[in-house]
Structure formats: structure tokens, C-alpha cells
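Comments concern the structure below.
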Amino acid sequence: MPATLVTFADGSVIGEGTVTHVEASSEGAVVVVDATPFHPVDHTWPDQPGDSGALILGDARVVVAEAVMAAVSDEGDFAVGADIPVKRGAEGWTWLVGHRVDGDIPSELIEGAAVRLEVDAAHRAGLSRGHTACHLASLALDLAVADLWRKDPGADALGTPDFEGRANQSSRIHEDGSVDEYRLGKSLRRAGFDTETFASTLADRETAINAQLAAWVASAATSRIVTEGPTIVDRRRWHCALPEGEAVILCGGTHVASLAEFAVISVALDLSDPQLLVMTTTVVPSA
């Protein structure tokens with residue numbers, strides 16, 4: 001079984017392929033196709049949900065609840081999502097995109113069958129806006145707290161002190177938004193970050209982030225994904241031509257083609273727990 005070829009990086013939502021494997025499971029069958037436009041949820045960093053949509057086989061339309069990562073070992077062991085026992089790209093495993101389907105599947109949906117793949121384009125677009133906005137918000141957050149470092153934490157994609165890289169502990173993307181959590185514990189303070197001043201100036205930091213996001217949206221900067229190869233485990237990077245310079249972030253998700261797709265990106269900062277910053281990012285799409 002060859003590694004799955006993917007086309008979602010260029011924005012594709014329609015594709016044609018051949019079924020290479022059908023795996024039954026308690027959560028519904030997982031269908032593997034040799035090539036797919038579906039973006040799968042990453043089992044190691046599940047920030048962006050997998051695409052939903054349908055597989056078309058003749059007159060039959062099979063609903064895809066979510067695309068997932070799958071892998072098969074050289075010995076023939078097939079695993080899906082969190083059950084994959086090795087790191088992404090590990091030797092001795094072939095890496096695949098699985099399409100988890102709802103309900104019964106037609107008898108014709110077997111290895112060798114030709115299928116048409118259709119991603120839910122509206123859902124994909126919302127997730128792409130949410131993911132791009134998430135990256136922009138993190139870069140704006142880094143800029144807004146850059147003066148609070150007493151030591152060098154390393155640099156982000158714009159050369160700013162990398163608060164995101166140091167403190168982020170989770171990121172969850174949804175249609176037109178995201179929620180990110182940052183740990184503000186002893187390790188961050190030891191790394192040189194002034195958490196007390198941050199807490200006392202939280203409202204000013206939020207205002208600064210939103211002003212920066214408004215400027216970036218107004219720039220209508222281009223946004224794209226650059227890939228190192230066609231398979232699901234080849235590295236992909238998000239590029240955005242911001243006025244301050246081109247930001248490049250290693251990222252396996254999907255993104256908008258231009259910041260002109262946004263009317264507004266805004267964030268709200270919550271420090272109800274002084275050890276945990278929660279940043280909620282919200283998108284208003286352009287008309």
C-alpha cells in the first residue's frame with residue numbers, strides 16, 4: 001500500500017482516487033484512498049479537525065465524518081489516530097489518510113474501486129480561516145509581550161521573542177476561530193518572562209494585539225502553503241507576506257489564500273487562572 005498523496009495544500013476540495021484499503025472498526029469503517037483532497041486531523045497535535053465530506057461511488061454517496069491519520073507497518077499492522085504506536089514519519093511504516101465513514105458502506109466500496117472525493121468546502125473554508133487567524137494571533141501576541149522578556153527565549157517567525165513557542169500548551173481550531181492556552185508557571189518565569197507585569201497590563205496587551213491584527217487584515221497579505229513533497233508526511237510550511245516580512249511557520253493545516261478573506265480578526269485574553277492564559281481568537285469573514 002503506497003503512502004497517501006494529498007492535494008489539500010493547494011486548496012483542493014475535489015479529487016479522484018482508488019481505494020487501497022477498507023478497515024472495519026468500532027467507530028465506523030476507515031477507507032483509505034491512494035490520493036485525497038481531505039485534510040486529516042493530526043494524531044500527535046490535533047489542533048485542526050479533519051475534513052468532512054463524502055466519497056462518491058457510482059450512485060452511492062458515503063458520508064465521511066472526519067479524515068484521520070492512519071499508518072500500516074511493514075508487517076501489515078494497521079493503526080488509526082491515537083492508536084498509531086510510532087511518531088509521524090517513522091521508518092517501517094507507510095503513512096495514510098483514512099476517511100472515517102458513517103453507517104453502512106456499499107458492497108462495491110472495496111480495494112480497487114474508483115471513487116470521487118468531495119470535501120465539505122464551507123467547513124474547510126471556516127477551518128482555514130480559523131487556522132490562519134490562529135497563527136496571526138500568536139504572532140501578534142508575541143509582539144505585544146516582547147518587552148516583558150529579561151532573557152532571550154528564541155525568536156518566532158517574525159524575529160520577535162517567542163512567547164508562543166515557550167508557553168503554548170494547547171491549540172484548538174474551529175470554524176472562524178481558535179482557543180489557545182499558555183502556561184504561565186515557574187518555568188516561564190525562570191526563562192525570563194515577567195508574568196506579574198503581564199497580568200497587571202493585560203487589557204493593554206489585548207488592545208495592542210487587536211490593533212496589530214487590524215493592520216494585518218488591512219494589508220490583505222498573501223497566504224500560502226509550501227510543501228516538500230506530495231505525501232501526507234512531507235513537511236508543509238505556512239507562508240504569509242506580512243508588512244513586517246514574510247512569516248514562515250511549519251504547519252500541516254489548511255489556510256486562506258489572502259488576508260483579504262477577513263473583515264476582522266480579534267482576540268480576548270482571559271487570565272482568570274493566574275497560571276493559565278487563555279486566548280480566544282474570533283474571525284468575521286469578509287463579505
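Simple scheme: letters A, B, ... for chains in C-alpha cells order, numbers from 1 for residues in each chain, numbers from 1 for ligands in the order shown.
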
Review point. Near region 229-243 of chain A, within 9 Å and counting only C-alpha atoms, which residues show up once chain neighbours fewer than 2 positions away are dropped, as number ranges by chain?
Key: A: 3-7, 9, 35, 39-40, 69, 88-89, 95-97, 132, 216, 219-227, 245-255, 258-259

Pull the closest atom pair for each residue of region 61-159 of chain A that gets at most 9 Å from region 25-31 of chain A, along with the distance in Å to one decimal, counting only C-alpha atoms, ordering rows by chain and then ascending residue number, as JSON lines.
{"residue": "A:Ala67", "atom": "CA", "partner": "A:Val30", "partner_atom": "CA", "distance": 8.9}
{"residue": "A:Val68", "atom": "CA", "partner": "A:Val30", "partner_atom": "CA", "distance": 8.6}
{"residue": "A:Ala70", "atom": "CA", "partner": "A:Val30", "partner_atom": "CA", "distance": 8.9}
{"residue": "A:Val80", "atom": "CA", "partner": "A:Val30", "partner_atom": "CA", "distance": 8.4}
{"residue": "A:Val97", "atom": "CA", "partner": "A:Val31", "partner_atom": "CA", "distance": 8.5}
{"residue": "A:Gly98", "atom": "CA", "partner": "A:Val31", "partner_atom": "CA", "distance": 5.5}
{"residue": "A:His99", "atom": "CA", "partner": "A:Val31", "partner_atom": "CA", "distance": 5.0}
{"residue": "A:Arg100", "atom": "CA", "partner": "A:Val30", "partner_atom": "CA", "distance": 4.4}
{"residue": "A:Val101", "atom": "CA", "partner": "A:Ala29", "partner_atom": "CA", "distance": 5.7}
{"residue": "A:Asp102", "atom": "CA", "partner": "A:Gly28", "partner_atom": "CA", "distance": 6.1}
{"residue": "A:Gly103", "atom": "CA", "partner": "A:Gly28", "partner_atom": "CA", "distance": 6.9}
{"residue": "A:Asp104", "atom": "CA", "partner": "A:Gly28", "partner_atom": "CA", "distance": 8.3}
{"residue": "A:Ile105", "atom": "CA", "partner": "A:Ala29", "partner_atom": "CA", "distance": 7.9}
{"residue": "A:Leu109", "atom": "CA", "partner": "A:Val31", "partner_atom": "CA", "distance": 8.6}
{"residue": "A:Ile110", "atom": "CA", "partner": "A:Val31", "partner_atom": "CA", "distance": 8.8}

Preceding selection exported with N, CA, C and O atoms as a compact mmCIF listing (two decimals), in the first residue's frame:
# COMPACT_ATOMS: atom_id res chain seq x y z
N ALA A 67 -11.72 13.04 8.36
CA ALA A 67 -10.49 12.43 7.85
C ALA A 67 -9.50 12.31 9.00
O ALA A 67 -9.36 13.22 9.82
N VAL A 68 -8.80 11.17 9.04
CA VAL A 68 -7.89 10.87 10.15
C VAL A 68 -6.55 10.37 9.62
O VAL A 68 -6.46 9.90 8.48
N ALA A 70 -3.68 7.60 9.45
CA ALA A 70 -3.58 6.15 9.59
C ALA A 70 -2.19 5.73 9.16
O ALA A 70 -1.47 6.50 8.50
N VAL A 80 -4.93 3.55 13.45
CA VAL A 80 -5.61 4.81 13.14
C VAL A 80 -5.48 5.77 14.31
O VAL A 80 -5.64 5.39 15.48
N VAL A 97 -3.94 8.63 4.76
CA VAL A 97 -5.11 9.38 5.20
C VAL A 97 -6.29 8.41 5.19
O VAL A 97 -6.58 7.77 4.18
N GLY A 98 -6.95 8.30 6.33
CA GLY A 98 -8.14 7.47 6.43
C GLY A 98 -9.39 8.33 6.41
O GLY A 98 -9.40 9.45 6.94
N HIS A 99 -10.45 7.84 5.79
CA HIS A 99 -11.73 8.56 5.72
C HIS A 99 -12.71 7.76 6.58
O HIS A 99 -13.17 6.70 6.17
N ARG A 100 -12.99 8.28 7.79
CA ARG A 100 -13.90 7.57 8.68
C ARG A 100 -15.34 7.81 8.24
O ARG A 100 -15.78 8.97 8.19
N VAL A 101 -16.04 6.73 7.90
CA VAL A 101 -17.37 6.89 7.30
C VAL A 101 -18.46 6.52 8.29
O VAL A 101 -18.27 5.72 9.21
N ASP A 102 -19.61 7.16 8.11
CA ASP A 102 -20.78 6.90 8.95
C ASP A 102 -21.63 5.79 8.35
O ASP A 102 -21.79 5.70 7.13
N GLY A 103 -22.18 4.95 9.21
CA GLY A 103 -23.17 3.97 8.79
C GLY A 103 -22.60 2.87 7.91
O GLY A 103 -21.39 2.64 7.84
N ASP A 104 -23.49 2.19 7.23
CA ASP A 104 -23.11 1.08 6.36
C ASP A 104 -22.43 1.60 5.10
O ASP A 104 -22.73 2.70 4.62
N ILE A 105 -21.54 0.80 4.57
CA ILE A 105 -20.89 1.18 3.31
C ILE A 105 -21.35 0.22 2.22
O ILE A 105 -21.64 -0.96 2.48
N LEU A 109 -17.71 -0.73 -2.34
CA LEU A 109 -16.60 0.07 -1.81
C LEU A 109 -15.54 -0.88 -1.26
O LEU A 109 -15.47 -1.17 -0.07
N ILE A 110 -14.70 -1.37 -2.16
CA ILE A 110 -13.67 -2.35 -1.82
C ILE A 110 -12.34 -1.91 -2.44
O ILE A 110 -12.29 -0.95 -3.21

**Study point:** Among the residues A:Ser138, A:Ser73, A:Ser200, A:Thr207, the one that comes closest to Tyr182 (chain A) [using only C-alpha atoms]
**Key:**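 Closest to Tyr182 (chain A) of all the choices is A:Ser138.
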
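The closest residue to Pro106 (chain A), picked from A:Thr201, A:Ile56, A:Thr18, A:Val32 and counting only C-alpha atoms, is A:Ile56.
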
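Put simply, CA of Phe78 (chain A) is 20.2 Å away from CA of Trp45 (chain A).
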